[in-house]
>>> print(open('my_file.txt').read())   # compact mmCIF, C-alpha atoms and all ligand atoms
# COMPACT_ATOMS: atom_id res chain seq x y z
CA MET A 97 -11.84 18.29 9.52
CA GLU A 98 -12.05 21.41 7.38
CA GLU A 99 -8.86 22.60 9.04
CA GLY A 100 -7.04 19.42 7.98
CA VAL A 101 -8.18 19.75 4.38
CA GLU A 102 -7.16 23.41 4.39
CA LEU A 103 -3.68 22.46 5.59
CA LEU A 104 -3.35 19.77 2.93
CA ARG A 105 -4.50 22.25 0.29
CA ARG A 106 -1.74 24.64 1.38
CA TRP A 107 0.96 21.96 1.26
CA ILE A 108 -0.17 21.00 -2.24
CA ARG A 109 -0.20 24.64 -3.35
CA GLU A 110 3.33 25.19 -2.07
CA SER A 111 4.90 22.02 -3.48
CA ASP A 112 5.96 20.84 -6.91
CA ASN A 113 7.28 17.52 -5.66
CA ILE A 114 4.35 15.51 -4.35
CA VAL A 115 4.06 11.75 -4.37
CA PHE A 116 0.81 9.87 -3.79
CA PHE A 117 0.66 6.38 -2.37
CA GLY A 118 -2.73 4.69 -2.58
CA GLY A 119 -4.51 1.48 -1.74
CA ALA A 120 -7.87 -0.24 -2.19
CA GLY A 121 -9.80 2.62 -0.55
CA VAL A 122 -9.07 4.81 -3.58
CA SER A 123 -10.96 2.39 -5.83
CA THR A 124 -13.80 1.41 -3.50
CA GLU A 125 -15.25 4.88 -4.02
CA SER A 126 -15.49 4.05 -7.72
CA GLY A 127 -17.49 0.97 -6.82
CA ILE A 128 -14.73 -1.63 -6.80
CA PRO A 129 -15.10 -3.86 -3.76
CA ASP A 130 -12.14 -4.51 -1.50
CA PHE A 131 -11.95 -8.27 -1.28
CA ARG A 132 -10.05 -7.96 1.97
CA SER A 133 -12.87 -6.14 3.69
CA PRO A 134 -14.52 -8.42 6.21
CA ASP A 135 -18.04 -8.54 4.78
CA GLY A 136 -17.76 -12.23 4.17
CA LEU A 137 -19.56 -11.83 0.87
CA TYR A 138 -17.07 -13.70 -1.25
CA HIS A 139 -16.74 -16.46 1.22
CA GLN A 140 -20.36 -17.44 0.69
CA LYS A 141 -19.97 -17.76 -3.05
CA TYR A 142 -16.58 -19.43 -3.35
CA LYS A 143 -15.27 -22.64 -1.95
CA TYR A 144 -11.97 -21.00 -1.01
CA PRO A 145 -11.07 -17.69 0.63
CA PRO A 146 -10.08 -14.98 -1.89
CA GLU A 147 -6.55 -14.76 -0.50
CA GLN A 148 -6.08 -18.41 -1.38
CA ILE A 149 -7.65 -18.18 -4.84
CA ILE A 150 -5.37 -15.36 -5.94
CA SER A 151 -2.17 -17.10 -4.87
CA HIS A 152 0.45 -18.48 -7.20
CA SER A 153 0.07 -22.08 -6.09
CA PHE A 154 -3.72 -21.96 -6.45
CA PHE A 155 -3.43 -20.44 -9.92
CA GLU A 156 -1.15 -23.29 -10.95
CA ALA A 157 -3.30 -26.02 -9.43
CA ASN A 158 -6.82 -24.67 -10.17
CA PRO A 159 -6.71 -22.24 -13.08
CA GLU A 160 -10.45 -22.74 -13.85
CA GLU A 161 -11.50 -21.69 -10.35
CA PHE A 162 -8.94 -18.87 -10.38
CA TYR A 163 -10.36 -17.47 -13.60
CA ARG A 164 -13.94 -17.77 -12.38
CA PHE A 165 -13.12 -15.58 -9.38
CA TYR A 166 -10.79 -13.30 -11.32
CA ARG A 167 -13.31 -12.43 -14.04
CA ASP A 168 -16.11 -12.11 -11.55
CA LYS A 169 -14.34 -9.99 -8.94
CA LEU A 170 -11.04 -8.50 -10.05
CA ILE A 171 -11.81 -7.08 -13.47
CA PRO A 172 -13.53 -3.72 -13.16
CA GLY A 173 -16.95 -3.62 -14.83
CA LYS A 174 -17.31 -1.48 -17.96
CA GLU A 175 -19.37 1.02 -15.96
CA ILE A 176 -16.57 1.69 -13.43
CA ARG A 177 -15.15 5.22 -13.69
CA PRO A 178 -12.38 7.14 -11.92
CA ASN A 179 -13.57 9.21 -8.97
CA ALA A 180 -12.61 12.67 -7.70
CA CYS A 181 -9.38 11.36 -6.18
CA HIS A 182 -8.14 9.83 -9.45
CA ARG A 183 -9.17 12.92 -11.40
CA ARG A 184 -7.55 15.44 -9.07
CA LEU A 185 -4.30 13.46 -8.98
CA ALA A 186 -4.19 13.49 -12.79
CA GLU A 187 -4.68 17.26 -12.74
CA LEU A 188 -1.93 17.76 -10.19
CA GLU A 189 0.45 15.83 -12.42
CA GLN A 190 -0.47 18.02 -15.38
CA GLU A 191 0.09 21.10 -13.25
CA GLY A 192 3.62 19.87 -12.59
CA LYS A 193 3.02 19.33 -8.88
CA LEU A 194 2.62 15.58 -8.58
CA ARG A 195 5.60 13.44 -9.61
CA ALA A 196 4.12 9.96 -9.31
CA VAL A 197 1.20 7.85 -8.21
CA ILE A 198 2.25 4.66 -6.48
CA THR A 199 -0.67 2.27 -6.19
CA GLN A 200 -1.51 -1.16 -4.88
CA ASN A 201 -4.55 -1.30 -7.15
CA ILE A 202 -4.65 -3.30 -10.37
CA ASP A 203 -7.66 -1.67 -12.02
CA GLY A 204 -5.97 0.99 -14.17
CA LEU A 205 -8.29 3.76 -12.96
CA HIS A 206 -5.46 6.27 -12.50
CA GLN A 207 -4.49 5.94 -16.16
CA MET A 208 -8.15 6.16 -17.17
CA ALA A 209 -8.29 9.48 -15.29
CA GLY A 210 -5.25 10.73 -17.21
CA SER A 211 -2.33 10.01 -14.88
CA ARG A 212 0.83 9.13 -16.77
CA ARG A 213 3.42 8.24 -14.16
CA VAL A 214 1.76 5.38 -12.31
CA ILE A 215 3.75 2.74 -10.48
CA GLU A 216 1.52 -0.29 -10.14
CA LEU A 217 3.12 -2.32 -7.39
CA HIS A 218 0.69 -5.19 -7.80
CA GLY A 219 0.51 -5.04 -11.58
CA SER A 220 -2.55 -4.51 -13.76
CA VAL A 221 -5.45 -6.50 -15.15
CA HIS A 222 -4.95 -4.59 -18.39
CA ARG A 223 -1.70 -6.33 -19.33
CA CYS A 224 -1.54 -10.05 -20.07
CA TYR A 225 1.11 -12.52 -21.12
CA CYS A 226 1.82 -16.22 -21.49
CA ALA A 227 3.22 -17.63 -18.26
CA LYS A 228 5.37 -20.06 -20.23
CA CYS A 229 6.82 -18.22 -23.25
CA LEU A 230 6.10 -14.67 -21.96
CA ARG A 231 4.43 -13.62 -25.21
CA PRO A 232 2.16 -10.62 -24.57
CA TYR A 233 -1.58 -10.90 -25.18
CA PRO A 234 -4.31 -8.29 -25.42
CA GLU A 235 -6.33 -8.07 -22.23
CA SER A 236 -9.53 -9.07 -24.04
CA TYR A 237 -7.99 -12.49 -24.71
CA VAL A 238 -7.99 -13.14 -20.97
CA ASN A 239 -10.59 -10.84 -19.51
CA ASP A 240 -13.47 -11.33 -21.93
CA GLY A 241 -13.15 -15.04 -22.52
CA GLU A 242 -14.29 -18.09 -20.63
CA GLY A 243 -12.35 -20.91 -19.06
CA VAL A 244 -8.56 -20.96 -19.03
CA PRO A 245 -6.94 -18.89 -21.81
CA ARG A 246 -4.14 -20.78 -23.55
CA CYS A 247 -1.18 -19.70 -25.62
CA GLU A 248 -0.21 -21.39 -28.88
CA CYS A 249 2.76 -22.82 -26.99
CA GLY A 250 0.41 -24.58 -24.60
CA GLY A 251 1.12 -22.29 -21.65
CA VAL A 252 -1.56 -20.50 -19.65
CA VAL A 253 -2.09 -16.83 -20.50
CA ARG A 254 -2.38 -14.73 -17.36
CA PRO A 255 -2.81 -11.16 -16.23
CA GLU A 256 0.29 -9.27 -15.16
CA VAL A 257 -0.89 -9.04 -11.58
CA VAL A 258 1.21 -9.97 -8.59
CA LEU A 259 -0.42 -12.95 -6.90
CA TYR A 260 0.17 -13.96 -3.32
CA GLU A 261 3.48 -15.88 -3.03
CA GLU A 262 4.87 -13.87 -5.95
CA GLY A 263 7.42 -11.09 -5.60
CA LEU A 264 7.01 -7.50 -6.67
CA ARG A 265 9.02 -6.32 -9.64
CA ASP A 266 12.36 -4.91 -8.54
CA GLN A 267 12.11 -1.97 -10.90
CA ASP A 268 8.74 -0.91 -9.50
CA LEU A 269 10.12 -0.95 -5.97
CA ILE A 270 13.23 0.97 -6.99
CA ASP A 271 11.13 3.59 -8.79
CA ALA A 272 8.76 3.89 -5.84
CA VAL A 273 11.60 4.34 -3.36
CA ASN A 274 13.25 6.96 -5.56
CA PHE A 275 10.10 9.03 -5.92
CA ILE A 276 9.33 8.79 -2.21
CA ARG A 277 12.89 9.69 -1.18
CA ALA A 278 12.90 12.76 -3.40
CA ALA A 279 9.42 14.05 -2.54
CA ASP A 280 8.77 16.89 -0.16
CA VAL A 281 5.07 16.05 0.29
CA MET A 282 3.76 12.51 0.53
CA ILE A 283 0.05 11.80 0.59
CA ILE A 284 -1.05 8.33 1.57
CA GLY A 285 -4.66 7.45 0.86
CA GLY A 286 -7.10 4.59 1.09
CA THR A 287 -4.78 2.09 2.67
CA SER A 288 -4.48 0.79 6.19
CA LEU A 289 -0.75 0.29 5.57
CA ASN A 290 -0.90 -3.26 6.83
CA VAL A 291 -0.09 -4.95 3.54
CA TYR A 292 3.48 -5.46 2.40
CA PRO A 293 5.24 -3.45 1.02
CA ALA A 294 3.24 -0.35 1.85
CA ALA A 295 4.50 0.05 5.37
CA GLY A 296 8.11 -0.46 4.33
CA LEU A 297 7.95 2.20 1.62
CA VAL A 298 6.73 4.95 3.95
CA ARG A 299 10.01 4.73 5.84
CA TYR A 300 11.87 6.16 2.85
CA PHE A 301 10.01 9.43 3.03
CA ASN A 302 12.25 12.16 4.33
CA GLY A 303 10.40 15.25 3.12
CA LYS A 304 8.50 18.02 4.84
CA HIS A 305 4.91 16.87 5.08
CA LEU A 306 3.35 13.43 5.40
CA ALA A 307 -0.43 13.35 5.10
CA LEU A 308 -2.60 10.30 5.70
CA VAL A 309 -6.15 10.12 4.39
CA ASN A 310 -7.93 6.98 5.50
CA MET A 311 -11.24 6.10 7.12
CA SER A 312 -9.66 3.96 9.81
CA ALA A 313 -6.52 4.21 11.94
CA THR A 314 -3.18 2.99 10.56
CA PRO A 315 0.10 2.06 12.25
CA TYR A 316 1.58 5.26 10.81
CA ASP A 317 -0.92 7.75 12.18
CA SER A 318 1.51 8.91 14.85
CA ALA A 319 4.29 9.40 12.30
CA ALA A 320 2.12 11.53 10.00
CA ASP A 321 2.04 15.33 10.13
CA LEU A 322 -1.64 15.25 9.26
CA VAL A 323 -4.33 12.58 9.53
CA ILE A 324 -7.68 13.05 7.79
CA ARG A 325 -10.39 10.47 8.50
CA GLU A 326 -12.66 11.15 5.58
CA LYS A 327 -13.58 9.67 2.25
CA ILE A 328 -10.68 10.19 -0.08
CA GLY A 329 -12.80 11.36 -3.01
CA GLU A 330 -14.37 13.99 -0.74
CA VAL A 331 -10.98 15.25 0.37
CA PHE A 332 -9.52 15.40 -3.13
CA SER A 333 -12.51 17.27 -4.48
CA ARG A 334 -11.54 20.04 -2.04
CA VAL A 335 -7.76 20.30 -2.43
ZN ZN A 401 3.22 -19.16 -24.76
>>> encode(input="my_file.txt", output="C-alpha cells")
Amino acid sequence: MEEGVELLRRWIRESDNIVFFGGAGVSTESGIPDFRSPDGLYHQKYKYPPEQIISHSFFEANPEEFYRFYRDKLIPGKEIRPNACHRRLAELEQEGKLRAVITQNIDGLHQMAGSRRVIELHGSVHRCYCAKCLRPYPESYVNDGEGVPRCECGGVVRPEVVLYEEGLRDQDLIDAVNFIRAADVMIIGGTSLNVYPAAGLVRYFNGKHLALVNMSATPYDSAADLVIREKIGEVFSRV
C-alpha cells in the first residue's frame, strides 16, 4: 500500500493539471452516512426506501415526508467538518496543481475546506429556490424550518439538489467533461462508479495517470493505472 501512495504522491508532485472526482465515500469519513449503503438503517425508520423518497415524483406527491427525511438525513449536522481529503484537495488547488473537484456529494464540505472550483453534479443543500417562480431563498428558510417551506407565490421552496428522475445540469456536465479531458492526472475517490454519470465521465479522461482510491472494487479498476484500497482521508493525509 505504501508503494501505491508513494506513486500517487509523485504523480501529484509532477503535475499541475489534476482533476479529482469524488463520491459519497469522501463524506462518510466526515461522519455523513451514505444512504445507499446496505445497513438497512433508514428502512426501519421510514415507510419508503430512501431512493424513492428523494425522487421527483415523491417530492411532488409527498412533500411533508420528503422534508422529514431530507432534514433528518441529507443536511449535514452543524458538527460535521471537512476531513483530510477535503483539506488536502483545497491545498492542492491553492498550490496551482488541482484544477477542479467534481463531486456527487451535496454537502458543501469541499467549499467549507476552502476549495473554490467545485462542480457539484448533484447540486447542493446550501442553495434553495422556489420550484414554481424560481426565486432564490436562503438555505435556512428550508433547512432550519419545519414542514413544507412555501414561497409567497404559493410554490414549494426546495433545495437545489438533483433528485432521482431529474436530469443533471448541462453546464455542470460540460464543465466536468472539459476538466477531465484536459487533465493529465485524474484521481477518483470514494465512489464505486456504479451511479450515473460517474462511469460515463471517466471515459473522457485521456491523460497520463488515472488513480482510483476506494475501499471496494469498481468496474474501472482494470482501466486505472493505480488502485489504492484504503480510506481516502488516510491516503490524502500522506500525499
Ligand atoms: Zn415562488
>>> residues_near_ligand(input="my_file.txt", ligand="ligand ZN 401 (chain A)", cutoff="6 Å", atoms="only C-alpha atoms and all ligand atoms", output="VMD selection string")
chain A and resid 226 228 to 229 231 247 to 249 251
>>> atom_distance(input="my_file.txt", atom1="CA of Ala186 (chain A)", atom2="CA of Gly296 (chain A)")
25.3 Å
>>> residues_around(input="my_file.txt", residues="Gly119 (chain A)", least_positions_apart="4", cutoff="8 Å", atoms="all atoms listed in the file", output="list in words")
Ser123, Thr199, Gln200, Asn201, Gly285, Gly286, Thr287 and Ser288 of chain A
>>> atom_distance(input="my_file.txt", atom1="CA of Ile198 (chain A)", atom2="CA of Glu99 (chain A)")
26.2 Å
>>> atom_distance(input="my_file.txt", atom1="CA of Tyr237 (chain A)", atom2="CA of Gly204 (chain A)")
17.2 Å
>>> residues_around(input="my_file.txt", residues="Gly243 (chain A)", least_positions_apart="6", cutoff="12 Å", atoms="all atoms listed in the file", output="PyMOL selection string")
chain A and resi 158-167+237+252-254
>>> write_last_selection(input="my_file.txt", atoms="C-alpha atoms", output="PDB file, in the frame of the given file")
ATOM      1  CA  ASN A 158      -6.820 -24.670 -10.170  1.00  0.00           C
ATOM      2  CA  PRO A 159      -6.710 -22.240 -13.080  1.00  0.00           C
ATOM      3  CA  GLU A 160     -10.450 -22.740 -13.850  1.00  0.00           C
ATOM      4  CA  GLU A 161     -11.500 -21.690 -10.350  1.00  0.00           C
ATOM      5  CA  PHE A 162      -8.940 -18.870 -10.380  1.00  0.00           C
ATOM      6  CA  TYR A 163     -10.360 -17.470 -13.600  1.00  0.00           C
ATOM      7  CA  ARG A 164     -13.940 -17.770 -12.380  1.00  0.00           C
ATOM      8  CA  PHE A 165     -13.120 -15.580  -9.380  1.00  0.00           C
ATOM      9  CA  TYR A 166     -10.790 -13.300 -11.320  1.00  0.00           C
ATOM     10  CA  ARG A 167     -13.310 -12.430 -14.040  1.00  0.00           C
ATOM     11  CA  TYR A 237      -7.990 -12.490 -24.710  1.00  0.00           C
ATOM     12  CA  VAL A 252      -1.560 -20.500 -19.650  1.00  0.00           C
ATOM     13  CA  VAL A 253      -2.090 -16.830 -20.500  1.00  0.00           C
ATOM     14  CA  ARG A 254      -2.380 -14.730 -17.360  1.00  0.00           C
TER      15      ARG A 254
END
>>> closest_atom_pairs(input="my_file.txt", of="region 104-164 of chain A", to="region 177-180 of chain A", cutoff="12 Å", atoms="only C-alpha atoms", output="tab-separated table")
residue	atom	partner	partner_atom	distance
A:Gly121	CA	A:Asn179	CA	11.3
A:Val122	CA	A:Asn179	CA	8.3
A:Ser123	CA	A:Pro178	CA	7.9
A:Thr124	CA	A:Asn179	CA	9.5
A:Glu125	CA	A:Asn179	CA	6.8
A:Ser126	CA	A:Asn179	CA	5.6
A:Gly127	CA	A:Arg177	CA	8.4
A:Ile128	CA	A:Arg177	CA	9.7
>>> closest_residue(input="my_file.txt", among="A:Lys174, A:Lys169, A:Arg325, A:Arg212", to="Leu194 (chain A)", atoms="all atoms listed in the file")
A:Arg212
>>> residues_around(input="my_file.txt", residues="Val291 (chain A)", least_positions_apart="4", cutoff="12 Å", atoms="only C-alpha atoms", output="number ranges by chain")
A: 118-120, 132, 200, 217-218, 260, 287, 295-297, 314-315
>>> write_last_selection(input="my_file.txt", atoms="C-alpha atoms", output="tab-separated table (two decimals), keeping the file's coordinate frame")
chain	number	residue	atom	x	y	z
A	118	GLY	CA	-2.73	4.69	-2.58
A	119	GLY	CA	-4.51	1.48	-1.74
A	120	ALA	CA	-7.87	-0.24	-2.19
A	132	ARG	CA	-10.05	-7.96	1.97
A	200	GLN	CA	-1.51	-1.16	-4.88
A	217	LEU	CA	3.12	-2.32	-7.39
A	218	HIS	CA	0.69	-5.19	-7.80
A	260	TYR	CA	0.17	-13.96	-3.32
A	287	THR	CA	-4.78	2.09	2.67
A	295	ALA	CA	4.50	0.05	5.37
A	296	GLY	CA	8.11	-0.46	4.33
A	297	LEU	CA	7.95	2.20	1.62
A	314	THR	CA	-3.18	2.99	10.56
A	315	PRO	CA	0.10	2.06	12.25
>>> residues_near_point(input="my_file.txt", point="(-7.8, -8.2, -13.9)", cutoff="10 Å", atoms="only C-alpha atoms", output="number ranges by chain")
A: 163, 166-172, 202-204, 219-224, 235, 238-239, 254-257
>>> closest_residue(input="my_file.txt", among="A:Ile215, A:Gly173, A:Arg246, A:Arg105", to="Pro129 (chain A)", atoms="only C-alpha atoms")
A:Gly173
>>> residues_near_point(input="my_file.txt", point="(-12.6, 12.0, -5.4)", cutoff="8 Å", atoms="only C-alpha atoms", output="list in words")
Glu125, Asn179, Ala180, Cys181, His182, Arg183, Arg184, Ile328, Gly329, Glu330, Val331, Phe332 and Ser333 of chain A
>>> residues_around(input="my_file.txt", residues="Val323 (chain A)", least_positions_apart="2", cutoff="12 Å", atoms="all atoms listed in the file", output="PyMOL selection string")
chain A and resi 97-101+103-104+283-286+305-321+325-326+328+331
>>> write_last_selection(input="my_file.txt", atoms="C-alpha atoms", output="short mmCIF file (atom, residue, chain, number, x, y, z; two decimals), in the frame of the given file")
data_model
loop_
_atom_site.label_atom_id
_atom_site.label_comp_id
_atom_site.auth_asym_id
_atom_site.auth_seq_id
_atom_site.Cartn_x
_atom_site.Cartn_y
_atom_site.Cartn_z
CA MET A 97 -11.84 18.29 9.52
CA GLU A 98 -12.05 21.41 7.38
CA GLU A 99 -8.86 22.60 9.04
CA GLY A 100 -7.04 19.42 7.98
CA VAL A 101 -8.18 19.75 4.38
CA LEU A 103 -3.68 22.46 5.59
CA LEU A 104 -3.35 19.77 2.93
CA ILE A 283 0.05 11.80 0.59
CA ILE A 284 -1.05 8.33 1.57
CA GLY A 285 -4.66 7.45 0.86
CA GLY A 286 -7.10 4.59 1.09
CA HIS A 305 4.91 16.87 5.08
CA LEU A 306 3.35 13.43 5.40
CA ALA A 307 -0.43 13.35 5.10
CA LEU A 308 -2.60 10.30 5.70
CA VAL A 309 -6.15 10.12 4.39
CA ASN A 310 -7.93 6.98 5.50
CA MET A 311 -11.24 6.10 7.12
CA SER A 312 -9.66 3.96 9.81
CA ALA A 313 -6.52 4.21 11.94
CA THR A 314 -3.18 2.99 10.56
CA PRO A 315 0.10 2.06 12.25
CA TYR A 316 1.58 5.26 10.81
CA ASP A 317 -0.92 7.75 12.18
CA SER A 318 1.51 8.91 14.85
CA ALA A 319 4.29 9.40 12.30
CA ALA A 320 2.12 11.53 10.00
CA ASP A 321 2.04 15.33 10.13
CA ARG A 325 -10.39 10.47 8.50
CA GLU A 326 -12.66 11.15 5.58
CA ILE A 328 -10.68 10.19 -0.08
CA VAL A 331 -10.98 15.25 0.37
#
>>> build_atoms(input="my_file.txt", residues="region 279-304 of chain A", atoms="N, CA and C atoms", output="tab-separated table (two decimals), in the coordinates of the input")
chain	number	residue	atom	x	y	z
A	279	ALA	N	10.61	13.20	-2.70
A	279	ALA	CA	9.42	14.05	-2.54
A	279	ALA	C	9.51	14.93	-1.31
A	280	ASP	N	8.86	16.11	-1.40
A	280	ASP	CA	8.77	16.89	-0.16
A	280	ASP	C	7.37	16.82	0.47
A	281	VAL	N	6.39	16.35	-0.29
A	281	VAL	CA	5.07	16.05	0.29
A	281	VAL	C	4.68	14.64	-0.12
A	282	MET	N	4.26	13.84	0.85
A	282	MET	CA	3.76	12.51	0.53
A	282	MET	C	2.34	12.40	1.07
A	283	ILE	N	1.43	12.00	0.18
A	283	ILE	CA	0.05	11.80	0.59
A	283	ILE	C	-0.26	10.31	0.47
A	284	ILE	N	-0.70	9.74	1.57
A	284	ILE	CA	-1.05	8.33	1.57
A	284	ILE	C	-2.56	8.25	1.69
A	285	GLY	N	-3.21	7.48	0.82
A	285	GLY	CA	-4.66	7.45	0.86
A	285	GLY	C	-5.26	6.09	0.62
A	286	GLY	N	-6.32	5.79	1.35
A	286	GLY	CA	-7.10	4.59	1.09
A	286	GLY	C	-6.37	3.30	1.36
A	287	THR	N	-5.45	3.33	2.29
A	287	THR	CA	-4.78	2.09	2.67
A	287	THR	C	-4.55	2.08	4.17
A	288	SER	N	-4.71	0.91	4.75
A	288	SER	CA	-4.48	0.79	6.19
A	288	SER	C	-3.01	0.53	6.49
A	289	LEU	N	-2.20	0.47	5.43
A	289	LEU	CA	-0.75	0.29	5.57
A	289	LEU	C	-0.38	-0.98	6.33
A	290	ASN	N	-1.22	-1.99	6.19
A	290	ASN	CA	-0.90	-3.26	6.83
A	290	ASN	C	-0.29	-4.25	5.85
A	291	VAL	N	-0.50	-3.98	4.55
A	291	VAL	CA	-0.09	-4.95	3.54
A	291	VAL	C	1.32	-4.62	3.04
A	292	TYR	N	2.17	-5.62	3.01
A	292	TYR	CA	3.48	-5.46	2.40
A	292	TYR	C	3.29	-5.03	0.95
A	293	PRO	N	4.10	-4.12	0.41
A	293	PRO	CA	5.24	-3.45	1.02
A	293	PRO	C	4.91	-2.02	1.46
A	294	ALA	N	3.62	-1.73	1.58
A	294	ALA	CA	3.24	-0.35	1.85
A	294	ALA	C	3.97	0.22	3.05
A	295	ALA	N	3.91	-0.48	4.14
A	295	ALA	CA	4.50	0.05	5.37
A	295	ALA	C	6.00	0.30	5.19
A	296	GLY	N	6.68	-0.61	4.52
A	296	GLY	CA	8.11	-0.46	4.33
A	296	GLY	C	8.47	0.76	3.50
A	297	LEU	N	7.64	1.08	2.51
A	297	LEU	CA	7.95	2.20	1.62
A	297	LEU	C	7.86	3.55	2.33
A	298	VAL	N	6.93	3.67	3.25
A	298	VAL	CA	6.73	4.95	3.95
A	298	VAL	C	8.02	5.38	4.65
A	299	ARG	N	8.79	4.41	5.09
A	299	ARG	CA	10.01	4.73	5.84
A	299	ARG	C	11.02	5.51	5.01
A	300	TYR	N	10.91	5.44	3.69
A	300	TYR	CA	11.87	6.16	2.85
A	300	TYR	C	11.54	7.64	2.71
A	301	PHE	N	10.37	8.03	3.17
A	301	PHE	CA	10.01	9.43	3.03
A	301	PHE	C	10.78	10.28	4.04
A	302	ASN	N	11.40	11.33	3.49
A	302	ASN	CA	12.25	12.16	4.33
A	302	ASN	C	11.94	13.64	4.07
A	303	GLY	N	10.76	13.88	3.51
A	303	GLY	CA	10.40	15.25	3.12
A	303	GLY	C	9.76	16.04	4.25
A	304	LYS	N	9.03	17.09	3.85
A	304	LYS	CA	8.50	18.02	4.84
A	304	LYS	C	7.17	17.59	5.46
